[in-house]
>>> print(open('final21.txt').read())   # compact mmCIF, C-alpha atoms
# COMPACT_ATOMS: atom_id res chain seq x y z
CA MET A 245 35.07 61.69 165.85
CA SER A 246 33.89 60.97 169.37
CA LEU A 247 30.24 60.28 170.04
CA ALA A 248 29.92 63.52 171.99
CA ALA A 249 31.40 65.51 169.13
CA LEU A 250 29.17 63.75 166.69
CA LEU A 251 26.07 64.53 168.77
CA LEU A 252 27.16 68.15 169.07
CA SER A 253 27.65 68.50 165.34
CA LEU A 254 24.33 66.83 164.74
CA LEU A 255 22.44 69.20 167.00
CA SER A 256 24.18 72.30 165.76
CA SER A 257 24.07 71.54 162.07
CA ALA A 258 21.67 73.68 160.10
CA GLU A 259 21.58 71.07 157.40
CA ALA A 260 20.65 68.20 159.67
CA ARG A 261 17.19 66.84 158.98
CA THR A 262 14.57 64.97 160.92
CA SER A 263 11.94 62.58 159.67
CA VAL A 264 9.17 60.92 161.62
CA SER A 265 7.89 57.52 160.64
CA LEU A 266 5.13 55.25 161.81
CA GLN A 267 6.31 51.66 162.07
CA VAL A 268 3.78 49.30 160.59
CA ALA A 269 5.31 46.05 161.85
CA PRO A 270 4.37 46.61 165.53
CA LEU A 271 0.74 46.85 164.50
CA LEU A 272 0.88 43.11 163.87
CA ALA A 273 1.80 42.59 167.52
CA GLY A 274 -0.96 44.85 168.80
CA GLY A 275 1.04 48.04 169.13
CA VAL A 276 2.07 51.33 167.63
CA THR A 277 5.61 52.67 167.39
CA VAL A 278 6.51 56.13 166.24
CA GLN A 279 10.11 56.78 165.33
CA ALA A 280 11.88 60.08 164.84
CA GLU A 281 15.11 59.90 162.91
CA HIS A 282 17.61 62.71 162.82
CA SER A 283 20.24 62.66 160.08
CA THR A 284 23.54 64.45 160.05
CA GLU A 285 24.46 66.86 157.31
CA SER A 286 26.54 64.32 155.50
CA LEU A 287 23.75 61.74 155.76
CA ARG A 288 26.33 59.21 156.84
CA TRP A 289 25.03 59.05 160.41
CA SER A 290 21.55 59.14 161.82
CA PHE A 291 20.03 58.83 165.25
CA ALA A 292 16.60 57.39 165.82
CA THR A 293 14.37 57.50 168.85
CA SER A 294 11.39 55.18 169.00
CA LEU A 295 8.45 55.33 171.35
CA GLY A 296 6.09 52.39 171.26
CA ALA A 297 3.04 51.19 173.12
CA ARG A 298 1.54 47.77 172.84
CA ALA A 299 -1.45 45.85 174.20
CA SER A 300 0.67 42.81 174.85
CA ALA A 301 -1.47 40.19 176.52
CA ALA A 302 -4.95 38.74 176.34
CA GLY A 303 -6.88 35.71 177.54
CA ASP A 304 -7.40 35.87 181.31
CA TYR A 305 -4.93 38.74 181.54
CA ARG A 306 -4.57 42.25 180.26
CA GLY A 307 -1.06 43.38 179.48
CA SER A 308 0.45 46.55 178.17
CA ASN A 309 3.93 47.79 177.60
CA VAL A 310 5.66 51.00 176.67
CA SER A 311 9.06 50.95 175.03
CA LEU A 312 11.69 53.59 174.48
CA ALA A 313 14.63 52.92 172.19
CA PHE A 314 17.63 54.83 170.94
CA GLU A 315 19.44 53.76 167.83
CA VAL A 316 22.59 54.94 166.09
CA ARG A 317 22.96 54.19 162.38
CA ARG A 318 25.87 54.41 160.00
CA TRP A 319 24.85 54.63 156.36
CA TRP A 320 26.37 53.65 153.04
CA HIS A 321 24.22 55.01 150.25
CA VAL A 322 24.86 52.24 147.79
CA GLY A 323 22.60 49.89 145.92
CA PRO A 324 19.17 50.22 144.39
CA LEU A 325 16.47 52.49 145.85
CA SER A 326 18.92 54.00 148.32
CA SER A 327 17.95 57.60 147.74
CA ALA A 328 14.65 59.43 147.61
CA PRO A 329 13.60 62.85 146.39
CA LEU A 330 12.36 63.89 149.81
CA PRO A 331 15.16 65.86 151.55
CA GLY A 332 16.70 64.12 154.50
CA ARG A 333 15.67 60.63 153.53
CA VAL A 334 18.51 58.19 153.87
CA GLY A 335 18.60 54.70 152.49
CA GLY A 336 20.96 51.95 151.49
CA ALA A 337 23.06 49.70 153.68
CA LEU A 338 23.29 50.46 157.38
CA LEU A 339 25.00 49.32 160.52
CA TRP A 340 22.92 49.90 163.63
CA ALA A 341 23.22 49.67 167.39
CA ARG A 342 20.25 50.01 169.65
CA ALA A 343 19.52 50.33 173.37
CA GLU A 344 16.04 49.85 174.71
CA ALA A 345 13.94 49.91 177.84
CA VAL A 346 10.48 48.45 178.21
CA TRP A 347 7.97 49.00 180.99
CA VAL A 348 5.45 46.17 181.27
CA ARG A 349 2.31 45.98 183.34
CA LEU A 350 0.09 42.90 183.67
CA GLU A 351 -3.28 42.66 185.37
CA HIS A 352 -6.18 40.26 185.67
CA LEU A 353 -9.34 40.98 183.73
CA ASP A 354 -11.01 42.28 186.91
CA GLY A 355 -8.30 44.94 187.11
CA SER A 356 -6.36 43.44 190.00
CA PRO A 357 -2.60 43.77 189.37
CA VAL A 358 -0.35 40.82 188.61
CA GLY A 359 2.80 42.90 188.54
CA ALA A 360 4.98 45.25 186.60
CA SER A 361 8.55 45.19 185.42
CA LEU A 362 11.13 47.34 183.76
CA ARG A 363 13.82 45.77 181.66
CA GLY A 364 16.50 46.74 179.25
CA GLY A 365 18.21 45.27 176.28
CA GLY A 366 20.49 46.04 173.43
CA SER A 367 21.06 44.84 169.90
CA ILE A 368 23.41 45.41 167.01
CA GLY A 369 23.20 44.42 163.39
CA LEU A 370 23.04 45.17 159.69
CA GLY A 371 20.21 46.28 157.46
CA TYR A 372 19.26 47.78 154.15
CA ARG A 373 16.64 50.45 153.67
CA LEU A 374 14.80 50.61 150.38
CA LEU A 375 13.12 53.87 149.48
CA PRO A 376 10.58 53.05 146.81
CA GLY A 377 8.91 56.46 146.98
CA TRP A 378 8.58 59.75 148.80
CA ARG A 379 6.65 58.46 151.78
CA PHE A 380 7.55 54.82 152.12
CA GLU A 381 10.48 52.80 153.37
CA LEU A 382 11.20 49.13 153.64
CA THR A 383 14.06 48.09 155.93
CA PRO A 384 14.96 44.46 156.52
CA VAL A 385 17.46 44.11 159.36
CA LEU A 386 19.30 41.26 160.99
CA GLY A 387 21.14 41.51 164.25
CA VAL A 388 22.02 39.99 167.57
CA GLY A 389 20.20 41.09 170.69
CA PHE A 390 20.89 40.72 174.39
CA ASP A 391 18.17 40.77 176.98
CA PHE A 392 19.32 41.92 180.41
CA SER A 393 16.38 40.20 182.15
CA THR A 394 16.66 36.73 180.67
CA HIS A 395 20.41 37.04 180.00
CA ARG A 396 19.73 35.52 176.59
CA LEU A 397 21.36 36.25 173.28
CA SER A 398 19.05 35.93 170.32
CA ALA A 399 18.93 36.66 166.64
CA VAL A 400 16.86 39.72 165.84
CA PRO A 401 15.38 39.58 162.38
CA GLY A 402 13.20 42.51 161.54
CA LEU A 403 11.32 44.18 158.77
CA THR A 404 10.27 47.77 159.13
CA VAL A 405 7.66 49.10 156.78
CA GLY A 406 7.66 52.80 157.42
CA VAL A 407 5.39 55.62 156.45
CA VAL A 408 7.13 58.98 156.68
CA PHE A 409 5.17 62.04 157.74
CA MET B 183 -0.35 49.37 194.04
CA ARG B 184 2.15 51.89 192.69
CA SER B 185 4.71 51.03 195.37
CA ARG B 186 4.36 47.34 194.50
CA ALA B 187 5.04 48.06 190.85
CA LEU B 188 8.06 50.14 191.80
CA TRP B 189 9.34 47.41 194.07
CA LEU B 190 9.05 44.83 191.29
CA SER B 191 10.86 47.15 188.93
CA VAL B 192 13.73 47.59 191.35
CA LEU B 193 13.91 43.82 191.75
CA SER B 194 13.94 43.37 188.01
CA LEU B 195 16.72 45.91 187.56
CA GLY B 196 18.66 44.36 190.41
CA TRP B 197 18.56 40.98 188.79
CA ALA B 198 19.44 42.41 185.42
CA SER B 199 22.53 43.98 186.85
CA GLY B 200 23.72 40.66 188.20
CA CYS B 201 22.74 41.10 191.85
CA GLY B 202 21.07 37.69 192.10
CA PRO B 203 22.01 35.09 194.69
CA SER B 204 24.69 32.52 193.89
CA LEU B 205 23.31 29.18 192.75
CA THR B 206 24.54 25.64 193.15
CA HIS B 207 23.72 22.99 190.59
CA GLU B 208 24.20 19.25 190.46
CA THR B 209 23.41 16.50 187.98
CA HIS B 210 21.51 13.29 188.74
CA VAL B 211 20.40 10.28 186.69
CA TYR B 212 16.78 9.52 187.43
CA ASP B 213 16.64 6.23 185.56
CA SER B 214 20.03 4.54 185.22
CA ARG B 215 18.71 2.13 182.57
CA PHE B 216 18.84 4.94 180.03
CA GLY B 217 21.99 6.74 181.23
CA ALA B 218 22.59 10.32 180.12
CA LYS B 219 19.25 10.43 178.30
CA THR B 220 17.59 10.50 181.70
CA GLU B 221 19.71 13.06 183.51
CA LEU B 222 18.33 15.99 185.40
CA GLU B 223 20.07 19.08 186.70
CA VAL B 224 19.05 20.69 189.97
CA PHE B 225 19.53 24.42 190.66
CA ARG B 226 19.24 25.87 194.13
CA ALA B 227 20.06 29.15 195.83
CA GLU B 228 21.54 29.24 199.29
CA GLY B 229 19.06 29.55 202.12
CA ALA B 230 16.53 27.72 204.22
CA LEU B 231 15.16 24.38 202.98
CA PRO B 232 12.90 22.73 201.95
CA ARG B 233 11.42 24.86 199.22
CA PRO B 234 8.79 24.44 196.54
CA ALA B 235 10.20 23.06 193.30
CA VAL B 236 9.71 23.52 189.57
CA MET B 237 10.59 20.73 187.14
CA LEU B 238 11.24 22.08 183.64
CA VAL B 239 10.62 19.97 180.53
CA HIS B 240 12.21 21.12 177.27
CA GLY B 241 10.67 21.14 173.79
CA GLY B 242 11.92 19.97 170.42
CA GLY B 243 9.01 18.18 168.81
CA TRP B 244 9.72 14.97 170.81
CA ARG B 245 12.58 14.29 168.37
CA GLU B 246 15.38 16.56 169.60
CA GLY B 247 16.34 19.10 172.24
CA SER B 248 17.98 19.01 175.63
CA ARG B 249 17.52 20.32 179.12
CA SER B 250 19.92 23.18 178.40
CA GLN B 251 17.10 24.94 176.50
CA LEU B 252 15.52 25.90 179.80
CA THR B 253 18.64 26.47 181.91
CA GLY B 254 18.19 30.24 181.82
CA LEU B 255 14.61 30.04 183.07
CA ALA B 256 15.59 27.43 185.69
CA ARG B 257 18.33 29.69 187.03
CA ARG B 258 16.00 32.67 187.07
CA LEU B 259 13.36 30.75 189.04
CA ALA B 260 15.98 29.30 191.39
CA ALA B 261 17.12 32.85 192.16
CA GLN B 262 13.50 33.57 193.14
CA GLY B 263 13.69 30.85 195.82
CA TYR B 264 12.50 27.69 194.07
CA VAL B 265 14.49 24.50 193.74
CA THR B 266 14.44 23.90 189.99
CA ALA B 267 15.29 20.88 187.89
CA THR B 268 15.74 20.74 184.13
CA ILE B 269 15.32 17.24 182.77
CA ASP B 270 16.38 15.30 179.73
CA TYR B 271 14.13 12.57 178.43
CA ARG B 272 14.36 10.10 175.60
CA VAL B 273 13.59 11.67 172.21
CA GLY B 274 13.15 10.38 168.65
CA SER B 275 12.22 6.73 168.15
CA GLN B 276 13.47 5.85 171.64
CA GLY B 277 11.14 8.39 173.17
CA ALA B 278 8.07 7.52 171.10
CA TYR B 279 4.81 7.55 173.02
CA PRO B 280 4.55 6.58 175.82
CA ALA B 281 8.29 6.40 176.64
CA ALA B 282 8.88 10.17 176.90
CA VAL B 283 5.79 10.58 179.10
CA HIS B 284 7.05 7.80 181.36
CA ASP B 285 10.46 9.46 181.57
CA CYS B 286 8.89 12.73 182.74
CA ARG B 287 6.81 10.86 185.28
CA CYS B 288 9.90 9.02 186.53
CA ALA B 289 11.87 12.28 186.78
CA LEU B 290 9.06 13.72 188.90
CA SER B 291 9.10 10.56 191.01
CA TYR B 292 12.86 10.91 191.49
CA LEU B 293 12.51 14.49 192.71
CA GLN B 294 9.70 13.57 195.08
CA ASN B 295 11.50 10.50 196.47
CA HIS B 296 14.76 12.41 196.97
CA ALA B 297 13.07 15.54 198.28
CA GLU B 298 15.00 15.68 201.51
CA THR B 299 18.40 15.30 199.84
CA LEU B 300 17.53 17.85 197.18
CA GLY B 301 16.07 20.32 199.65
CA LEU B 302 12.62 20.48 198.13
CA ASP B 303 9.09 19.96 199.37
CA ALA B 304 7.74 16.84 197.62
CA THR B 305 4.16 18.05 197.97
CA ARG B 306 4.87 21.32 196.16
CA VAL B 307 6.43 20.37 192.82
CA VAL B 308 5.20 22.29 189.77
CA LEU B 309 5.74 21.04 186.21
CA LEU B 310 6.70 23.61 183.59
CA GLY B 311 7.06 22.61 179.95
CA TYR B 312 7.62 24.33 176.64
CA SER B 313 6.17 23.08 173.34
CA ALA B 314 6.51 19.27 173.34
CA GLY B 315 7.66 19.62 176.94
CA GLY B 316 4.40 21.43 177.71
CA HIS B 317 2.50 18.55 176.19
CA LEU B 318 4.44 16.03 178.31
CA ALA B 319 3.94 18.07 181.49
CA SER B 320 0.21 18.38 180.78
CA LEU B 321 -0.13 14.66 180.11
CA VAL B 322 1.75 13.71 183.28
CA ALA B 323 -0.76 15.81 185.24
CA THR B 324 -3.93 14.69 183.45
CA SER B 325 -3.38 10.97 182.88
CA SER B 326 -2.50 8.36 185.45
CA PRO B 327 -0.59 5.34 184.17
CA VAL B 328 1.98 3.95 186.61
CA PRO B 329 5.21 3.45 184.69
CA ASP B 330 8.05 1.24 185.78
CA CYS B 331 10.21 3.87 187.49
CA ALA B 332 13.49 3.06 189.20
CA GLU B 333 12.37 5.18 192.15
CA GLY B 334 8.88 3.75 192.37
CA PRO B 335 5.70 5.70 191.82
CA GLY B 336 5.51 9.41 192.43
CA SER B 337 2.52 11.63 193.02
CA ARG B 338 0.91 14.29 190.89
CA PRO B 339 2.45 17.73 190.51
CA VAL B 340 0.83 20.50 192.51
CA ALA B 341 0.35 22.58 189.34
CA VAL B 342 1.33 22.82 185.69
CA ILE B 343 2.63 25.64 183.52
CA ALA B 344 2.31 24.65 179.86
CA ALA B 345 3.68 27.06 177.28
CA ALA B 346 3.20 26.79 173.50
CA ALA B 347 2.04 23.25 174.17
CA PRO B 348 0.17 20.90 171.84
CA GLN B 349 -2.85 19.76 173.85
CA ASN B 350 -4.77 17.96 171.14
CA LEU B 351 -2.62 15.63 169.04
CA THR B 352 -5.59 14.68 166.89
CA ALA B 353 -5.71 18.26 165.62
CA LEU B 354 -1.98 18.09 164.81
CA SER B 355 -2.08 14.60 163.32
CA TRP B 356 -0.85 15.93 159.97
CA ALA B 357 2.50 16.98 161.50
CA SER B 358 5.43 14.63 160.89
CA ASP B 359 6.77 15.21 164.42
CA VAL B 360 3.47 14.07 165.89
CA GLN B 361 3.30 11.04 163.61
CA GLN B 362 6.83 10.05 164.56
CA PHE B 363 6.07 10.49 168.25
CA MET B 364 2.92 8.38 167.88
CA SER B 365 4.73 5.74 165.78
CA GLY B 366 2.31 6.12 162.90
CA PRO B 367 -0.45 8.19 161.31
CA ILE B 368 -3.79 8.74 162.98
CA GLU B 369 -5.50 6.36 160.58
CA ALA B 370 -3.56 3.52 162.18
CA GLN B 371 -3.27 4.88 165.74
CA GLY B 372 -6.53 6.77 166.29
CA ALA B 373 -7.26 5.68 169.87
CA ARG B 374 -3.66 6.30 170.95
CA TYR B 375 -3.80 9.88 169.60
CA THR B 376 -6.74 10.50 171.90
CA GLU B 377 -4.99 8.80 174.79
CA ALA B 378 -1.93 11.00 174.25
CA SER B 379 -3.93 14.25 174.05
CA PRO B 380 -4.09 16.07 177.40
CA VAL B 381 -7.33 17.82 176.41
CA ALA B 382 -9.01 14.42 176.06
CA GLN B 383 -7.75 13.27 179.45
CA VAL B 384 -9.10 16.16 181.51
CA HIS B 385 -11.29 15.20 184.43
CA PRO B 386 -12.25 16.79 187.76
CA ASN B 387 -9.74 17.31 190.58
CA GLN B 388 -6.75 18.10 188.41
CA PRO B 389 -4.01 20.50 189.46
CA PRO B 390 -4.26 24.16 188.48
CA PHE B 391 -2.94 25.05 185.03
CA LEU B 392 -1.35 28.21 183.71
CA LEU B 393 -1.40 28.09 179.92
CA ILE B 394 0.87 30.49 178.04
CA HIS B 395 0.67 30.81 174.28
CA GLY B 396 1.50 33.25 171.52
CA ASP B 397 -1.50 34.26 169.45
CA ALA B 398 0.67 34.14 166.30
CA ASP B 399 2.12 30.69 166.94
CA ALA B 400 2.24 29.00 163.53
CA TYR B 401 3.59 25.66 164.79
CA VAL B 402 1.09 25.05 167.57
CA PRO B 403 -1.94 27.31 167.14
CA ALA B 404 -3.24 29.13 170.21
CA SER B 405 -6.47 27.14 169.84
CA HIS B 406 -4.71 24.32 171.74
CA ALA B 407 -4.37 26.44 174.85
CA ILE B 408 -7.85 27.90 174.47
CA GLU B 409 -9.40 24.45 174.09
CA MET B 410 -7.44 23.12 177.08
CA ARG B 411 -8.53 26.03 179.26
CA GLU B 412 -12.17 25.44 178.37
CA ALA B 413 -11.90 21.69 179.06
CA LEU B 414 -10.25 22.26 182.43
CA LEU B 415 -12.81 24.86 183.51
CA ALA B 416 -15.72 22.73 182.27
CA ALA B 417 -14.50 19.89 184.51
CA GLY B 418 -14.36 22.22 187.51
CA ASN B 419 -10.62 22.75 187.55
CA ASP B 420 -8.60 25.95 187.86
CA ALA B 421 -7.05 27.20 184.62
CA GLN B 422 -5.67 30.53 183.51
CA LEU B 423 -4.66 31.50 180.00
CA LEU B 424 -2.07 34.13 179.11
CA LEU B 425 -2.11 34.93 175.42
CA LEU B 426 0.91 36.89 174.27
CA ARG B 427 -0.01 39.31 171.49
CA GLY B 428 2.19 38.76 168.46
CA GLY B 429 3.92 35.82 170.11
CA GLY B 430 5.10 32.90 168.02
CA HIS B 431 6.66 29.53 168.77
CA VAL B 432 10.31 30.55 168.59
CA ILE B 433 9.96 34.07 167.19
CA ASN B 434 8.59 36.46 169.76
CA PRO B 435 8.42 40.15 170.54
CA ALA B 436 11.84 41.10 171.80
CA VAL B 437 12.76 43.93 174.09
CA SER B 438 11.59 46.53 171.64
CA ALA B 439 8.11 46.75 170.27
CA ASP B 440 9.25 46.85 166.66
CA GLN B 441 11.65 43.93 166.55
CA LEU B 442 11.16 40.22 166.83
CA SER B 443 13.58 37.86 168.48
CA TYR B 444 14.44 34.47 167.01
CA GLU B 445 14.96 31.50 169.34
CA SER B 446 13.12 33.19 172.13
CA TYR B 447 10.14 31.61 173.83
CA VAL B 448 6.88 33.11 175.03
CA THR B 449 8.17 32.27 178.51
CA ASP B 450 10.97 34.81 177.94
CA SER B 451 8.43 37.63 177.77
CA ASP B 452 7.94 39.95 180.72
CA GLU B 453 4.24 39.20 180.68
CA ALA B 454 4.89 35.48 181.11
CA TRP B 455 7.46 36.10 183.83
CA LEU B 456 5.00 38.19 185.83
CA ALA B 457 2.16 35.68 185.34
CA MET B 458 4.36 32.71 186.24
CA ASN B 459 5.60 34.37 189.41
CA LYS B 460 2.11 35.18 190.60
CA PHE B 461 0.84 31.71 189.69
CA LEU B 462 3.75 29.90 191.36
CA ALA B 463 3.40 31.97 194.51
CA GLY B 464 -0.27 31.02 194.67
CA VAL B 465 -0.02 27.28 194.02
CA THR B 466 3.02 26.68 196.24
CA ARG B 467 1.79 28.73 199.18
>>> encode(input="final21.txt", output="structure tokens")
Amino acid sequence: MSLAALLLSLLSSAEARTSVSLQVAPLLAGGVTVQAEHSTESLRWSFATSLGARASAAGDYRGSNVSLAFEVRRWWHVGPLSSAPLPGRVGGALLWARAEAVWVRLEHLDGSPVGASLRGGGSIGLGYRLLPGWRFELTPVLGVGFDFSTHRLSAVPGLTVGVVF
Amino acid sequence: MRSRALWLSVLSLGWASGCGPSLTHETHVYDSRFGAKTELEVFRAEGALPRPAVMLVHGGGWREGSRSQLTGLARRLAAQGYVTATIDYRVGSQGAYPAAVHDCRCALSYLQNHAETLGLDATRVVLLGYSAGGHLASLVATSSPVPDCAEGPGSRPVAVIAAAAPQNLTALSWASDVQQFMSGPIEAQGARYTEASPVAQVHPNQPPFLLIHGDADAYVPASHAIEMREALLAAGNDAQLLLLRGGGHVINPAVSADQLSYESYVTDSDEAWLAMNKFLAGVTR
């Protein structure tokens, strides 16, 4: 199935479901990220959109950034805690691919601007989402990311502790 | 202000899409007594010379690492119009204090004494170091021994950018890397720990510092940068501190807000890039 056909079936499916989660991990880095995840009828594919904002710098500077990310996930509902009673929740092993853009602004404490930038990146990897209850999720992921600004490849370990609304 | 931000964004996108100028690079040995351990690599974009320069000093706990760690940053800065040089220096037992500090000083001397050939302005050389490299860069700027350099003595850098840098070795005396670098524990080498701590060497009339640190750095706590900033300002010097929220030593916020990136430095962050550009433009004017 092509990506376009998949998107079409996703949008037109009456059985497709959406969940919204608050990512707890970004709080540790001074930010908030809200993620909406839309699952296909078969629950084998899902699409997530994340919108995050972060107070990113301190000291003699004040920094903030806003990020927007799109992620495609392929699911295999195997293993422990891979299903939950809440409809539309998907768990288990996943393969993910993500594209992101981040807008950053930095200023001095007196408000004078240092500069701003917009950059993009992408990453791909594996993960496993545990669903220990109706409203919680725990998703360790490991992937490889590429930053289009620094031209650097890096490992992307992550742990998402989600609260589903 | 809005047009400036837009302009910077367009520049950033342009670079990301590979529109940067072509760079030349060449390798030099700055102290032939130590061969490849004292090589440096110079990056330069085409255009009018001479230009201000940035000498980049890698990290690795004084026991490992190579100049290639900072090649990406060196190329990025060279594309901005600086002549950049990544240096190797002796590490491990061969580089134990003060050998590695002397190597950095001799590399700086080489750049300054070959300024015309390399196309740089000897009076506008900035030191930039990461982790142990930040410590070495800070110590080169704050202390003033005259090592036996093949190229003779050099002069001080015009400014320093120290990222994730240990500034007080006494406070890190428990760390095995520090003990190896100092050739013994603090109980036996107390005065030398002080001598090798940039924060203890601060005095008036030092070059401006930009200190960059992650506030979640577990290897080198951010207190090192905070303490160094306070010492520099108390002595009447210019110092700025950029603290990256959620930043670690080698694990840092990646492109997205909800993922971390392993083997990325605080200097890879957009915030650091913006701060470094503004700082470099100011000190090399």
>>> closest_atom_pairs(input="final21.txt", of="chain A", to="chain B", cutoff="7 Å", atoms="only C-alpha atoms", output="tab-separated table")
residue	atom	partner	partner_atom	distance
A:Ala269	CA	B:Asp440	CA	6.3
A:Pro270	CA	B:Asp440	CA	5.0
A:Leu272	CA	B:Gly428	CA	6.5
A:Ala273	CA	B:Gly428	CA	4.0
A:Gly274	CA	B:Arg427	CA	6.2
A:Thr277	CA	B:Asp440	CA	6.9
A:Gly296	CA	B:Ala439	CA	6.1
A:Ser300	CA	B:Arg427	CA	4.9
A:Ala301	CA	B:Leu426	CA	4.6
A:Ala302	CA	B:Leu425	CA	4.8
A:Gly303	CA	B:Leu425	CA	5.3
A:Asp304	CA	B:Leu423	CA	5.3
A:Tyr305	CA	B:Leu424	CA	5.9
A:Gly307	CA	B:Glu453	CA	6.9
A:Ser311	CA	B:Ser438	CA	6.1
A:Glu344	CA	B:Ser438	CA	6.3
A:Val346	CA	B:Val437	CA	6.5
A:Val348	CA	B:Asp452	CA	6.7
A:Leu350	CA	B:Glu453	CA	6.3
A:Val358	CA	B:Lys460	CA	6.5
A:Gly359	CA	B:Leu456	CA	5.9
A:Ala360	CA	B:Ala187	CA	5.1
A:Ser361	CA	B:Ser191	CA	4.6
A:Leu362	CA	B:Ser191	CA	5.2
A:Arg363	CA	B:Leu195	CA	6.6
A:Gly364	CA	B:Val437	CA	7.0
A:Gly365	CA	B:Val437	CA	6.0
A:Asp391	CA	B:Val437	CA	6.9
A:Phe392	CA	B:Ala198	CA	5.0
A:Ser393	CA	B:Ala198	CA	5.0
A:Thr394	CA	B:Asp450	CA	6.6
A:Ser398	CA	B:Tyr444	CA	5.9
A:Ala399	CA	B:Tyr444	CA	5.0
A:Val400	CA	B:Ser443	CA	4.6
A:Pro401	CA	B:Leu442	CA	6.2
A:Gly402	CA	B:Gln441	CA	5.4
>>> atom_distance(input="final21.txt", atom1="CA of Glu228 (chain B)", atom2="CA of Ala261 (chain B)")
9.1 Å
>>> closest_residue(input="final21.txt", among="B:Ile368, B:Leu414, B:Ala235, B:Leu302", to="Ala323 (chain B)", atoms="all atoms listed in the file")
B:Leu414
>>> residues_around(input="final21.txt", residues="Ser248 (chain B)", least_positions_apart="3", cutoff="7 Å", atoms="only C-alpha atoms", output="list in words")
His240, Gln251 and Asp270 of chain B
>>> residues_near_point(input="final21.txt", point="(19.7, 44.7, 165.4)", cutoff="10 Å", atoms="all atoms listed in the file", output="ChimeraX atom specification")
/A:315,339-343,366-371,385-390,399-402 /B:441-443
>>> atom_distance(input="final21.txt", atom1="CA of Leu325 (chain A)", atom2="CA of Gly377 (chain A)")
8.6 Å
>>> closest_residue(input="final21.txt", among="B:Cys288, B:Gly336, B:Val224, B:Gln361", to="Gly274 (chain B)", atoms="all atoms listed in the file")
B:Gln361
>>> residues_around(input="final21.txt", residues="Gly372 (chain B)", least_positions_apart="6", cutoff="12 Å", atoms="all atoms listed in the file", output="PyMOL selection string")
chain B and resi 351-353+355+361+364-366+378-379
>>> residues_around(input="final21.txt", residues="Ser291 (chain B)", least_positions_apart="2", cutoff="7 Å", atoms="all atoms listed in the file", output="list in words")
Arg287, Cys288, Ala289, Leu293, Gln294, Asn295, Glu333, Gly334, Pro335, Gly336 and Ser337 of chain B
>>> atom_distance(input="final21.txt", atom1="CA of Leu338 (chain A)", atom2="CA of Arg288 (chain A)")
9.3 Å
